[in-house]
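Dropping structure15.tsv in here (TSV, C-alpha atoms (C1' of nucleotides)):
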```tsv
chain	number	residue	atom	x	y	z
A	57	MET	CA	0.00	0.00	0.00
A	58	ARG	CA	1.28	3.43	-0.90
A	59	ALA	CA	1.33	5.82	2.00
A	60	GLY	CA	0.68	9.51	1.74
A	61	CYS	CA	-1.85	9.23	-1.05
A	62	ASP	CA	-4.94	9.44	1.12
A	63	ALA	CA	-4.15	11.88	3.85
A	64	MET	CA	-7.06	13.33	5.72
A	65	THR	CA	-7.86	15.98	8.28
A	66	ILE	CA	-8.54	15.28	11.92
A	67	GLY	CA	-12.30	15.38	11.40
A	68	GLN	CA	-12.17	12.68	8.76
A	69	ALA	CA	-9.75	10.61	10.83
A	70	SER	CA	-12.16	11.00	13.71
A	71	ARG	CA	-15.08	9.72	11.67
A	72	GLN	CA	-13.07	6.80	10.32
A	73	SER	CA	-11.63	5.78	13.68
A	74	GLY	CA	-14.53	6.50	15.96
A	75	VAL	CA	-12.28	8.58	18.19
A	76	SER	CA	-13.33	12.20	18.73
A	77	ALA	CA	-11.09	14.90	17.31
A	78	LYS	CA	-10.77	16.24	20.82
A	79	MET	CA	-9.40	12.93	22.01
A	80	ILE	CA	-7.07	12.53	19.05
A	81	ARG	CA	-5.42	15.83	19.91
A	82	HIS	CA	-5.34	14.80	23.53
A	83	TYR	CA	-3.64	11.49	22.74
A	84	GLU	CA	-1.05	13.40	20.79
A	85	ALA	CA	-0.55	15.90	23.61
A	86	ILE	CA	0.11	13.19	26.18
A	87	GLY	CA	2.35	11.25	23.84
A	88	LEU	CA	0.16	8.20	23.29
A	89	VAL	CA	0.46	8.73	19.54
A	90	SER	CA	3.27	10.52	17.78
A	91	PRO	CA	2.62	14.07	16.56
A	92	ALA	CA	0.69	14.11	13.32
A	93	ALA	CA	2.18	15.56	10.17
A	94	ARG	CA	1.01	19.07	9.37
A	95	GLU	CA	-0.37	20.75	6.31
A	96	THR	CA	1.23	24.09	5.44
A	97	SER	CA	-1.85	25.61	6.99
A	98	GLY	CA	-1.14	23.91	10.30
A	99	TYR	CA	-3.89	21.34	9.87
A	100	ARG	CA	-3.00	17.86	11.11
A	101	LEU	CA	-2.73	15.16	8.46
A	102	TYR	CA	-3.60	11.52	9.00
A	103	GLY	CA	-3.01	8.49	6.82
A	104	PRO	CA	-4.55	5.01	7.03
A	105	GLU	CA	-1.73	3.92	9.35
A	106	GLU	CA	-2.60	6.55	11.92
A	107	VAL	CA	-6.30	5.84	11.63
A	108	HIS	CA	-5.55	2.18	12.22
A	109	THR	CA	-3.69	3.06	15.40
A	110	LEU	CA	-6.55	5.29	16.54
A	111	ARG	CA	-9.03	2.52	15.99
A	112	PHE	CA	-6.81	0.20	18.04
A	113	ILE	CA	-6.85	2.75	20.83
A	114	GLY	CA	-10.61	3.15	20.57
A	115	ARG	CA	-11.20	-0.57	20.87
A	116	ALA	CA	-8.86	-0.83	23.83
A	117	ARG	CA	-10.67	2.06	25.50
A	118	SER	CA	-14.00	0.37	24.94
A	119	LEU	CA	-12.61	-2.57	26.88
A	120	GLY	CA	-11.78	-0.20	29.70
A	121	PHE	CA	-8.01	-0.24	29.36
A	122	PRO	CA	-6.50	2.89	30.88
A	123	ILE	CA	-4.26	5.00	28.66
A	124	ALA	CA	-1.06	3.87	30.37
A	125	ILE	CA	-1.85	0.24	29.63
A	126	ILE	CA	-2.86	1.06	26.09
A	127	ALA	CA	0.59	2.53	25.60
A	128	GLU	CA	2.03	-0.86	26.60
A	129	LEU	CA	-0.34	-2.66	24.27
A	130	LEU	CA	0.60	-0.38	21.41
A	131	ALA	CA	4.27	-1.08	22.03
A	132	LEU	CA	3.61	-4.80	22.06
A	133	TRP	CA	1.51	-4.49	18.92
A	134	ARG	CA	4.39	-2.87	17.08
A	135	ASP	CA	7.00	-5.23	18.46
A	136	ARG	CA	7.07	-8.11	16.04
A	137	SER	CA	9.25	-10.11	18.41
A	138	ARG	CA	6.79	-9.79	21.28
A	139	SER	CA	5.59	-12.72	23.32
A	140	ASN	CA	1.87	-13.31	23.39
A	141	ALA	CA	2.38	-14.31	27.03
A	142	ASP	CA	3.18	-10.67	27.78
A	143	VAL	CA	0.03	-9.48	26.06
A	144	ARG	CA	-2.02	-12.09	27.79
A	145	HIS	CA	-0.61	-11.06	31.13
A	146	VAL	CA	-1.51	-7.41	30.57
A	147	ALA	CA	-5.03	-8.35	29.54
A	148	GLN	CA	-5.38	-10.70	32.46
A	149	ARG	CA	-4.33	-8.04	34.93
A	150	HIS	CA	-6.89	-5.66	33.49
A	151	ALA	CA	-9.60	-8.30	33.68
A	152	ASP	CA	-8.73	-8.79	37.35
A	153	GLU	CA	-8.98	-5.07	37.90
A	154	LEU	CA	-12.41	-5.00	36.29
A	155	ARG	CA	-13.56	-7.79	38.53
A	156	ARG	CA	-12.20	-5.97	41.56
A	157	LYS	CA	-14.26	-2.90	40.65
A	158	MET	CA	-17.30	-5.04	40.00
A	159	ALA	CA	-16.98	-6.62	43.42
A	160	ALA	CA	-16.80	-3.21	45.06
A	161	LEU	CA	-19.94	-2.10	43.24
A	162	ALA	CA	-21.69	-5.35	44.06
A	163	GLU	CA	-20.93	-4.86	47.73
A	164	MET	CA	-22.44	-1.38	47.66
A	165	ALA	CA	-25.44	-2.57	45.71
A	166	ALA	CA	-26.07	-5.41	48.14
A	167	ALA	CA	-25.91	-3.08	51.15
A	168	LEU	CA	-28.17	-0.66	49.36
A	169	ASP	CA	-30.66	-3.35	48.42
A	170	HIS	CA	-30.83	-4.40	52.03
A	171	LEU	CA	-31.60	-0.83	53.09
A	172	VAL	CA	-34.18	-0.33	50.39
A	173	GLY	CA	-35.78	-3.60	51.36
A	174	ALA	CA	-35.99	-2.46	54.96
A	175	CYS	CA	-37.77	0.75	54.05
A	176	SER	CA	-41.49	0.46	53.61
A	177	GLY	CA	-41.76	3.60	51.52
A	178	ASP	CA	-45.28	4.14	52.80
A	179	GLY	CA	-44.93	7.91	53.10
A	180	ARG	CA	-44.24	8.14	56.82
A	181	PRO	CA	-41.10	9.91	58.07
A	182	GLU	CA	-39.60	6.82	59.69
A	183	CYS	CA	-36.85	5.56	57.43
A	184	PRO	CA	-34.39	2.76	58.11
A	185	ILE	CA	-32.18	4.02	55.29
A	186	LEU	CA	-31.56	7.34	56.97
A	187	ASP	CA	-31.31	5.62	60.34
A	188	GLU	CA	-28.56	3.39	59.06
A	189	LEU	CA	-26.69	6.28	57.44
A	190	ALA	CA	-27.00	8.17	60.69
A	191	GLY	CA	-25.51	5.26	62.57
A	192	GLU	CA	-28.64	4.67	64.58
A	193	ALA	CA	-29.30	1.31	63.04
A	194	PRO	CA	-31.82	-0.38	65.32
A	195	GLU	CA	-30.41	-3.72	64.24
A	196	PRO	CA	-27.02	-4.38	62.78
A	197	VAL	CA	-27.19	-5.56	59.19
A	198	HIS	CA	-24.09	-7.63	59.47
A	199	PRO	CA	-23.56	-8.52	63.12
A	200	ALA	CA	-19.84	-7.85	62.93
A	201	GLY	CA	-17.88	-5.05	61.33
A	202	SER	CA	-18.73	-1.43	60.80
A	203	PRO	CA	-19.04	-0.10	57.26
A	204	PHE	CA	-15.88	1.89	57.83
A	205	SER	CA	-12.45	0.49	57.42
B	963	MET	CA	-27.25	16.56	75.02
B	964	ARG	CA	-25.63	19.91	75.61
B	965	ALA	CA	-23.79	21.22	72.62
B	966	GLY	CA	-20.59	23.24	72.71
B	967	CYS	CA	-19.03	21.45	75.65
B	968	ASP	CA	-16.82	19.11	73.71
B	969	ALA	CA	-15.57	21.02	70.72
B	970	MET	CA	-12.66	19.57	68.82
B	971	THR	CA	-10.26	20.44	66.04
B	972	ILE	CA	-10.55	19.16	62.51
B	973	GLY	CA	-8.03	16.39	63.14
B	974	GLN	CA	-10.05	14.99	66.01
B	975	ALA	CA	-13.27	15.34	64.07
B	976	SER	CA	-11.59	13.50	61.25
B	977	ARG	CA	-10.55	10.63	63.48
B	978	GLN	CA	-14.01	10.41	65.05
B	979	SER	CA	-15.87	10.56	61.77
B	980	GLY	CA	-13.58	8.60	59.53
B	981	VAL	CA	-13.58	11.48	57.02
B	982	SER	CA	-10.18	12.94	56.19
B	983	ALA	CA	-9.48	16.52	57.26
B	984	LYS	CA	-8.84	17.33	53.64
B	985	MET	CA	-12.31	16.14	52.72
B	986	ILE	CA	-13.97	17.90	55.64
B	987	ARG	CA	-12.56	21.20	54.41
B	988	HIS	CA	-13.60	20.29	50.89
B	989	TYR	CA	-17.17	19.52	51.93
B	990	GLU	CA	-17.31	22.89	53.62
B	991	ALA	CA	-15.88	24.62	50.55
B	992	ILE	CA	-18.48	23.16	48.22
B	993	GLY	CA	-21.29	23.82	50.67
B	994	LEU	CA	-22.16	20.24	51.56
B	995	VAL	CA	-21.76	21.14	55.24
B	996	SER	CA	-22.13	24.59	56.73
B	997	PRO	CA	-18.96	26.48	57.61
B	998	ALA	CA	-17.47	25.34	60.91
B	999	ALA	CA	-17.16	27.67	63.87
B	1000	ARG	CA	-13.68	29.10	64.35
B	1001	GLU	CA	-11.33	29.36	67.29
B	1002	THR	CA	-9.75	32.80	67.78
B	1003	SER	CA	-6.68	31.28	66.18
B	1004	GLY	CA	-8.63	30.46	63.05
B	1005	TYR	CA	-8.82	26.74	63.81
B	1006	ARG	CA	-12.11	25.11	62.86
B	1007	LEU	CA	-14.20	23.81	65.74
B	1008	TYR	CA	-16.44	20.77	65.59
B	1009	GLY	CA	-19.00	19.46	68.03
B	1010	PRO	CA	-20.68	16.06	68.23
B	1011	GLU	CA	-23.44	17.30	65.93
B	1012	GLU	CA	-21.02	18.10	63.13
B	1013	VAL	CA	-19.15	14.85	63.63
B	1014	HIS	CA	-22.44	13.02	63.36
B	1015	THR	CA	-23.14	14.70	60.05
B	1016	LEU	CA	-19.67	13.86	58.80
B	1017	ARG	CA	-20.15	10.24	59.71
B	1018	PHE	CA	-23.44	10.27	57.84
B	1019	ILE	CA	-21.62	11.61	54.81
B	1020	GLY	CA	-18.87	9.04	55.17
B	1021	ARG	CA	-21.33	6.17	55.26
B	1022	ALA	CA	-23.20	7.50	52.27
B	1023	ARG	CA	-19.91	7.85	50.38
B	1024	SER	CA	-18.99	4.28	51.26
B	1025	LEU	CA	-22.22	3.24	49.56
B	1026	GLY	CA	-21.09	5.13	46.49
B	1027	PHE	CA	-23.58	8.00	46.67
B	1028	PRO	CA	-22.26	11.04	44.79
B	1029	ILE	CA	-21.99	14.30	46.69
B	1030	ALA	CA	-25.01	15.85	44.98
B	1031	ILE	CA	-27.21	13.00	46.10
B	1032	ILE	CA	-25.76	13.07	49.60
B	1033	ALA	CA	-26.85	16.69	49.79
B	1034	GLU	CA	-30.40	15.50	49.08
B	1035	LEU	CA	-30.12	12.76	51.68
B	1036	LEU	CA	-28.85	15.22	54.27
B	1037	ALA	CA	-31.80	17.50	53.57
B	1038	LEU	CA	-34.21	14.59	53.94
B	1039	TRP	CA	-32.45	13.48	57.10
B	1040	ARG	CA	-33.00	16.90	58.65
B	1041	ASP	CA	-36.53	17.24	57.42
B	1042	ARG	CA	-38.67	15.67	60.10
B	1043	SER	CA	-41.69	15.81	57.84
B	1044	ARG	CA	-40.01	13.86	55.08
B	1045	SER	CA	-41.56	10.89	53.40
B	1046	ASN	CA	-39.60	7.67	53.53
B	1047	ALA	CA	-40.85	7.06	50.01
B	1048	ASP	CA	-38.65	9.93	48.86
B	1049	VAL	CA	-35.62	8.47	50.58
B	1050	ARG	CA	-36.36	5.07	49.19
B	1051	HIS	CA	-36.66	6.49	45.73
B	1052	VAL	CA	-33.28	8.20	45.94
B	1053	ALA	CA	-31.65	5.02	47.21
B	1054	GLN	CA	-33.37	2.97	44.55
B	1055	ARG	CA	-32.15	5.21	41.79
B	1056	HIS	CA	-28.60	4.95	43.07
B	1057	ALA	CA	-28.85	1.17	43.26
B	1058	ASP	CA	-29.96	1.17	39.64
B	1059	GLU	CA	-27.00	3.32	38.74
B	1060	LEU	CA	-24.65	0.90	40.48
B	1061	ARG	CA	-26.13	-1.97	38.56
B	1062	ARG	CA	-25.75	-0.08	35.33
B	1063	LYS	CA	-22.06	0.42	36.01
B	1064	MET	CA	-21.67	-3.20	37.01
B	1065	ALA	CA	-23.25	-4.31	33.76
B	1066	ALA	CA	-20.83	-2.14	31.77
B	1067	LEU	CA	-17.88	-3.64	33.62
B	1068	ALA	CA	-19.24	-7.14	33.20
B	1069	GLU	CA	-19.52	-6.62	29.47
B	1070	MET	CA	-15.91	-5.51	29.26
B	1071	ALA	CA	-14.77	-8.37	31.46
B	1072	ALA	CA	-16.61	-10.91	29.35
B	1073	ALA	CA	-15.08	-9.60	26.13
B	1074	LEU	CA	-11.70	-9.58	27.79
B	1075	ASP	CA	-12.11	-13.10	29.09
B	1076	HIS	CA	-12.93	-14.24	25.61
B	1077	LEU	CA	-9.76	-12.66	24.26
B	1078	VAL	CA	-7.60	-14.02	27.04
B	1079	GLY	CA	-9.07	-17.44	26.48
B	1080	ALA	CA	-8.21	-17.24	22.79
B	1081	CYS	CA	-4.58	-16.42	23.47
B	1082	SER	CA	-2.37	-19.40	24.12
B	1083	GLY	CA	0.29	-17.38	25.90
B	1084	ASP	CA	2.94	-19.81	24.77
B	1085	GLY	CA	5.57	-17.19	24.08
B	1086	ARG	CA	5.13	-16.85	20.33
B	1087	PRO	CA	4.38	-13.47	18.75
B	1088	GLU	CA	0.99	-14.46	17.36
B	1089	CYS	CA	-1.66	-12.96	19.61
B	1090	PRO	CA	-5.42	-12.97	19.08
B	1091	ILE	CA	-5.78	-10.22	21.64
B	1092	LEU	CA	-3.73	-7.76	19.60
B	1093	ASP	CA	-5.33	-9.02	16.40
B	1094	GLU	CA	-8.75	-8.24	17.76
B	1095	LEU	CA	-7.72	-4.79	19.01
B	1096	ALA	CA	-6.22	-4.13	15.60
B	1097	GLY	CA	-9.49	-5.11	13.95
B	1098	GLU	CA	-7.99	-8.07	12.19
B	1099	ALA	CA	-10.07	-10.58	14.13
B	1100	PRO	CA	-9.35	-13.84	12.31
B	1101	GLU	CA	-12.44	-15.53	13.64
B	1102	PRO	CA	-15.81	-14.37	14.92
B	1103	VAL	CA	-17.00	-15.37	18.34
B	1104	HIS	CA	-18.26	-18.68	17.06
B	1105	PRO	CA	-15.51	-20.08	14.85
B	1106	ALA	CA	-17.16	-20.65	11.49
B	1107	GLY	CA	-14.76	-22.75	9.51
B	1108	SER	CA	-11.56	-21.08	10.56
B	1109	PRO	CA	-8.29	-22.93	9.88
B	1110	PHE	CA	-7.07	-22.50	13.43
B	1111	SER	CA	-9.08	-23.79	16.30
C	1356	DC	C1'	12.26	29.31	74.11
C	1357	DT	C1'	12.47	25.50	71.21
C	1358	DT	C1'	10.54	21.67	69.05
C	1359	DG	C1'	7.20	19.07	66.93
C	1360	DA	C1'	2.55	18.23	65.97
C	1361	DC	C1'	-1.25	20.46	64.25
C	1362	DC	C1'	-3.74	23.93	61.91
C	1363	DT	C1'	-4.49	27.51	57.95
C	1364	DT	C1'	-4.81	28.65	52.83
C	1365	DC	C1'	-3.51	27.95	48.10
C	1366	DC	C1'	-2.04	25.45	44.09
C	1367	DC	C1'	-1.58	21.24	41.56
C	1368	DA	C1'	-2.56	16.39	40.05
C	1369	DT	C1'	-5.29	12.52	39.01
C	1370	DG	C1'	-8.19	10.22	34.20
C	1371	DA	C1'	-10.77	10.66	30.26
C	1372	DT	C1'	-13.72	13.46	28.29
C	1373	DG	C1'	-16.16	17.47	26.74
C	1374	DG	C1'	-17.54	22.59	26.15
C	1375	DG	C1'	-16.51	26.78	24.44
C	1376	DA	C1'	-13.99	31.03	22.83
C	1377	DA	C1'	-10.96	33.52	19.67
C	1378	DG	C1'	-9.00	33.28	15.49
C	1379	DC	C1'	-7.18	31.22	11.04
C	1380	DC	C1'	-8.05	28.35	6.72
C	1381	DC	C1'	-10.35	26.50	2.80
C	1382	DC	C1'	-13.85	25.67	-0.54
C	1383	DG	C1'	-17.77	26.75	-3.14
C	1384	DC	C1'	-20.81	30.17	-4.99
C	1385	DA	C1'	-22.28	34.56	-6.91
D	150	DT	C1'	-12.86	38.60	-6.45
D	151	DG	C1'	-15.31	38.62	-2.33
D	152	DC	C1'	-18.08	36.32	1.14
D	153	DG	C1'	-20.11	32.80	4.12
D	154	DG	C1'	-20.09	28.65	6.53
D	155	DG	C1'	-17.87	24.94	8.30
D	156	DG	C1'	-13.58	22.93	9.74
D	157	DC	C1'	-9.25	23.56	11.87
D	158	DT	C1'	-5.93	25.68	15.46
D	159	DT	C1'	-4.72	26.64	20.48
D	160	DC	C1'	-5.98	27.62	25.12
D	161	DC	C1'	-8.73	27.54	29.25
D	162	DC	C1'	-12.20	25.50	32.09
D	163	DA	C1'	-15.22	21.74	34.08
D	164	DT	C1'	-16.21	17.27	35.61
D	165	DC	C1'	-15.76	14.00	40.39
D	166	DA	C1'	-13.63	12.89	44.72
D	167	DT	C1'	-9.46	12.67	46.56
D	168	DG	C1'	-4.82	13.59	47.93
D	169	DG	C1'	0.02	15.79	47.96
D	170	DG	C1'	2.66	19.39	49.21
D	171	DA	C1'	4.36	24.17	50.25
D	172	DA	C1'	4.47	28.32	53.10
D	173	DG	C1'	3.29	29.96	57.25
D	174	DG	C1'	0.60	30.51	61.83
D	175	DT	C1'	-0.64	28.10	66.54
D	176	DC	C1'	-0.34	25.46	70.49
D	177	DA	C1'	1.36	22.55	74.09
D	178	DA	C1'	5.02	20.00	76.22
D	179	DG	C1'	9.73	19.94	77.59
```
Hey, can you dump this file as structure tokens for me?
Amino acid sequence: MRAGCDAMTIGQASRQSGVSAKMIRHYEAIGLVSPAARETSGYRLYGPEEVHTLRFIGRARSLGFPIAIIAELLALWRDRSRSNADVRHVAQRHADELRRKMAALAEMAAALDHLVGACSGDGRPECPILDELAGEAPEPVHPAGSPFS
Amino acid sequence: MRAGCDAMTIGQASRQSGVSAKMIRHYEAIGLVSPAARETSGYRLYGPEEVHTLRFIGRARSLGFPIAIIAELLALWRDRSRSNADVRHVAQRHADELRRKMAALAEMAAALDHLVGACSGDGRPECPILDELAGEAPEPVHPAGSPFS
DNA sequence: CTTGACCTTCCCATGATGGGAAGCCCCGCA
DNA sequence: TGCGGGGCTTCCCATCATGGGAAGGTCAAG
């Protein structure tokens, strides 16, 4: 494929990659992608190669990878002598992180469900939810351990 | 209980409430709590009432409530003519939000698990994870006649 | 009086994203 | 050739909750 024949502006690159122009500039500013070539006017120029990279970044973002990890993935992507074990390890660590966050949310949701279940919602002022938040829980939800670390 | 007899500094209030001094000042700055009384020296002074409020905030935070919603909860807490239905509704909405976030994470984790499962991690450069991120997915989710398993 | 712990305010950083302003550029149309 | 509209540039600000750290004032114990 001949490069340089189908250069495009940031708006077109944005549309083709699914990454907002704002984000493309941001990724350049923080060094995630190398500075784009410039038109004499100062406009950034993107070729299919760059768009491909941006799409890679977009997909990684949609999987929740943080920018720092995406930088690692990009380096591995470009390194033809990489080991897929390294890539797998990075992905595995991120999956673990996602599960950690899920567990934290699940814990909150469970506690919240319990409170909501304890509140009749019949329009009176008495409210176990507020009582619990105020620390005046008439009965401990979990017999041991306060919600604070 | 008589108020004003056991005033304390921000550090003590922090220890008793479990909310960091930094955050206590922040909550005051953004108007979540009313400005603390001041010692002649300029030190903030907190009584049991304020500490109680801070603990309320801390518990709500530990359930993942955002500050804006905590402000609502505080108002309801103080409103003796509140309806527990209102409180329940606020809590319910937050629980829904938590579940929404959990679902998003679960989706990412599932996709990631699939990729990790497809990568042998045997040390060679070939890596389905990078292939997928690059958009060169060799096989759809259900392998339809692909040469590699 | 010194020392050390504690307090004050102010600024900055996180992480990823977006909004918006001021100003330049480019293309098409009359 | 001139103009208008849309796209591009940079720069600043906001989110959301939290913390780090500096410069300087205060207090209590030794």
Over all order-paired Cα atoms, chain A deviates from chain B after least-squares fitting by an RMSD of 4.4 Å
Using only C-alpha atoms (C1' of nucleotides), find which residues of chain C lie within 9 Å of chain B and jot them down as a ChimeraX atom specification.
-> /C:1361-1363
Report as JSON lines the residues of chain B within 7 Å of chain A, each with its shortest atom pair and distance in Å (one decimal), using all atoms listed in the file, ordered by chain and increasing residue number.
```
{"residue": "B:Phe1018", "atom": "CA", "partner": "A:Ala190", "partner_atom": "CA", "distance": 5.0}
{"residue": "B:Arg1021", "atom": "CA", "partner": "A:Leu189", "partner_atom": "CA", "distance": 5.8}
{"residue": "B:Ala1022", "atom": "CA", "partner": "A:Leu189", "partner_atom": "CA", "distance": 6.4}
{"residue": "B:Leu1025", "atom": "CA", "partner": "A:Met164", "partner_atom": "CA", "distance": 5.0}
{"residue": "B:Gly1026", "atom": "CA", "partner": "A:Met164", "partner_atom": "CA", "distance": 6.8}
{"residue": "B:Trp1039", "atom": "CA", "partner": "A:Leu186", "partner_atom": "CA", "distance": 6.2}
{"residue": "B:Arg1042", "atom": "CA", "partner": "A:Pro181", "partner_atom": "CA", "distance": 6.6}
{"residue": "B:Ser1043", "atom": "CA", "partner": "A:Pro181", "partner_atom": "CA", "distance": 5.9}
{"residue": "B:Arg1044", "atom": "CA", "partner": "A:Pro181", "partner_atom": "CA", "distance": 5.1}
{"residue": "B:Ser1045", "atom": "CA", "partner": "A:Gly179", "partner_atom": "CA", "distance": 4.5}
{"residue": "B:Asn1046", "atom": "CA", "partner": "A:Gly177", "partner_atom": "CA", "distance": 5.0}
{"residue": "B:Ala1047", "atom": "CA", "partner": "A:Gly177", "partner_atom": "CA", "distance": 3.9}
{"residue": "B:Arg1050", "atom": "CA", "partner": "A:Val172", "partner_atom": "CA", "distance": 5.9}
{"residue": "B:Ala1053", "atom": "CA", "partner": "A:Val172", "partner_atom": "CA", "distance": 6.7}
{"residue": "B:Gln1054", "atom": "CA", "partner": "A:Val172", "partner_atom": "CA", "distance": 6.8}
{"residue": "B:Ala1057", "atom": "CA", "partner": "A:Ala165", "partner_atom": "CA", "distance": 5.6}
{"residue": "B:Leu1060", "atom": "CA", "partner": "A:Leu161", "partner_atom": "CA", "distance": 6.2}
{"residue": "B:Met1064", "atom": "CA", "partner": "A:Met158", "partner_atom": "CA", "distance": 5.6}
{"residue": "B:Leu1067", "atom": "CA", "partner": "A:Leu154", "partner_atom": "CA", "distance": 6.2}
{"residue": "B:Met1070", "atom": "CA", "partner": "A:Leu119", "partner_atom": "CA", "distance": 5.0}
{"residue": "B:Ala1071", "atom": "CA", "partner": "A:Ala151", "partner_atom": "CA", "distance": 5.6}
{"residue": "B:Leu1074", "atom": "CA", "partner": "A:Ala151", "partner_atom": "CA", "distance": 6.4}
{"residue": "B:Val1078", "atom": "CA", "partner": "A:Arg144", "partner_atom": "CA", "distance": 6.0}
{"residue": "B:Cys1081", "atom": "CA", "partner": "A:Arg144", "partner_atom": "CA", "distance": 6.6}
{"residue": "B:Gly1083", "atom": "CA", "partner": "A:Ala141", "partner_atom": "CA", "distance": 3.9}
{"residue": "B:Asp1084", "atom": "CA", "partner": "A:Ala141", "partner_atom": "CA", "distance": 6.0}
{"residue": "B:Gly1085", "atom": "CA", "partner": "A:Ser139", "partner_atom": "CA", "distance": 4.5}
{"residue": "B:Arg1086", "atom": "CA", "partner": "A:Ser139", "partner_atom": "CA", "distance": 5.1}
{"residue": "B:Pro1087", "atom": "CA", "partner": "A:Ser139", "partner_atom": "CA", "distance": 4.8}
{"residue": "B:Glu1088", "atom": "CA", "partner": "A:Asn140", "partner_atom": "CA", "distance": 6.2}
{"residue": "B:Cys1089", "atom": "CA", "partner": "A:Asn140", "partner_atom": "CA", "distance": 5.2}
{"residue": "B:Leu1092", "atom": "CA", "partner": "A:Trp133", "partner_atom": "CA", "distance": 6.2}
{"residue": "B:Leu1095", "atom": "CA", "partner": "A:Phe112", "partner_atom": "CA", "distance": 5.2}
{"residue": "B:Ala1096", "atom": "CA", "partner": "A:Phe112", "partner_atom": "CA", "distance": 5.0}
```
Would you give me, as JSON lines, each residue of chain D having an atom within 9 Å of an atom of chain B, along with its shortest atom pair and that distance in Å to one decimal, using all atoms listed in the file and sorting by chain and residue number?
```
{"residue": "D:DC165", "atom": "C1'", "partner": "B:Pro1028", "partner_atom": "CA", "distance": 8.4}
{"residue": "D:DA166", "atom": "C1'", "partner": "B:Ile1029", "partner_atom": "CA", "distance": 8.7}
{"residue": "D:DT167", "atom": "C1'", "partner": "B:Met985", "partner_atom": "CA", "distance": 7.6}
{"residue": "D:DG168", "atom": "C1'", "partner": "B:Lys984", "partner_atom": "CA", "distance": 7.9}
{"residue": "D:DG174", "atom": "C1'", "partner": "B:Ser1003", "partner_atom": "CA", "distance": 8.5}
{"residue": "D:DT175", "atom": "C1'", "partner": "B:Ser1003", "partner_atom": "CA", "distance": 6.8}
```
Name the residues within 7 Å of (-17.6, 19.3, 67.2), counting all atoms listed in the file in the file's coordinates, and put them as a ChimeraX atom specification.
-> /B:968-970,975,1007-1013
Coordinates of box centre and edge lengths for stretch 1362-1381 of chain C, 3 Å on every side, axis-aligned, as JSON:
```
{"center_x": -9.6, "center_y": 21.9, "center_z": 32.4, "size_x": 22.0, "size_y": 29.3, "size_z": 65.1}
```
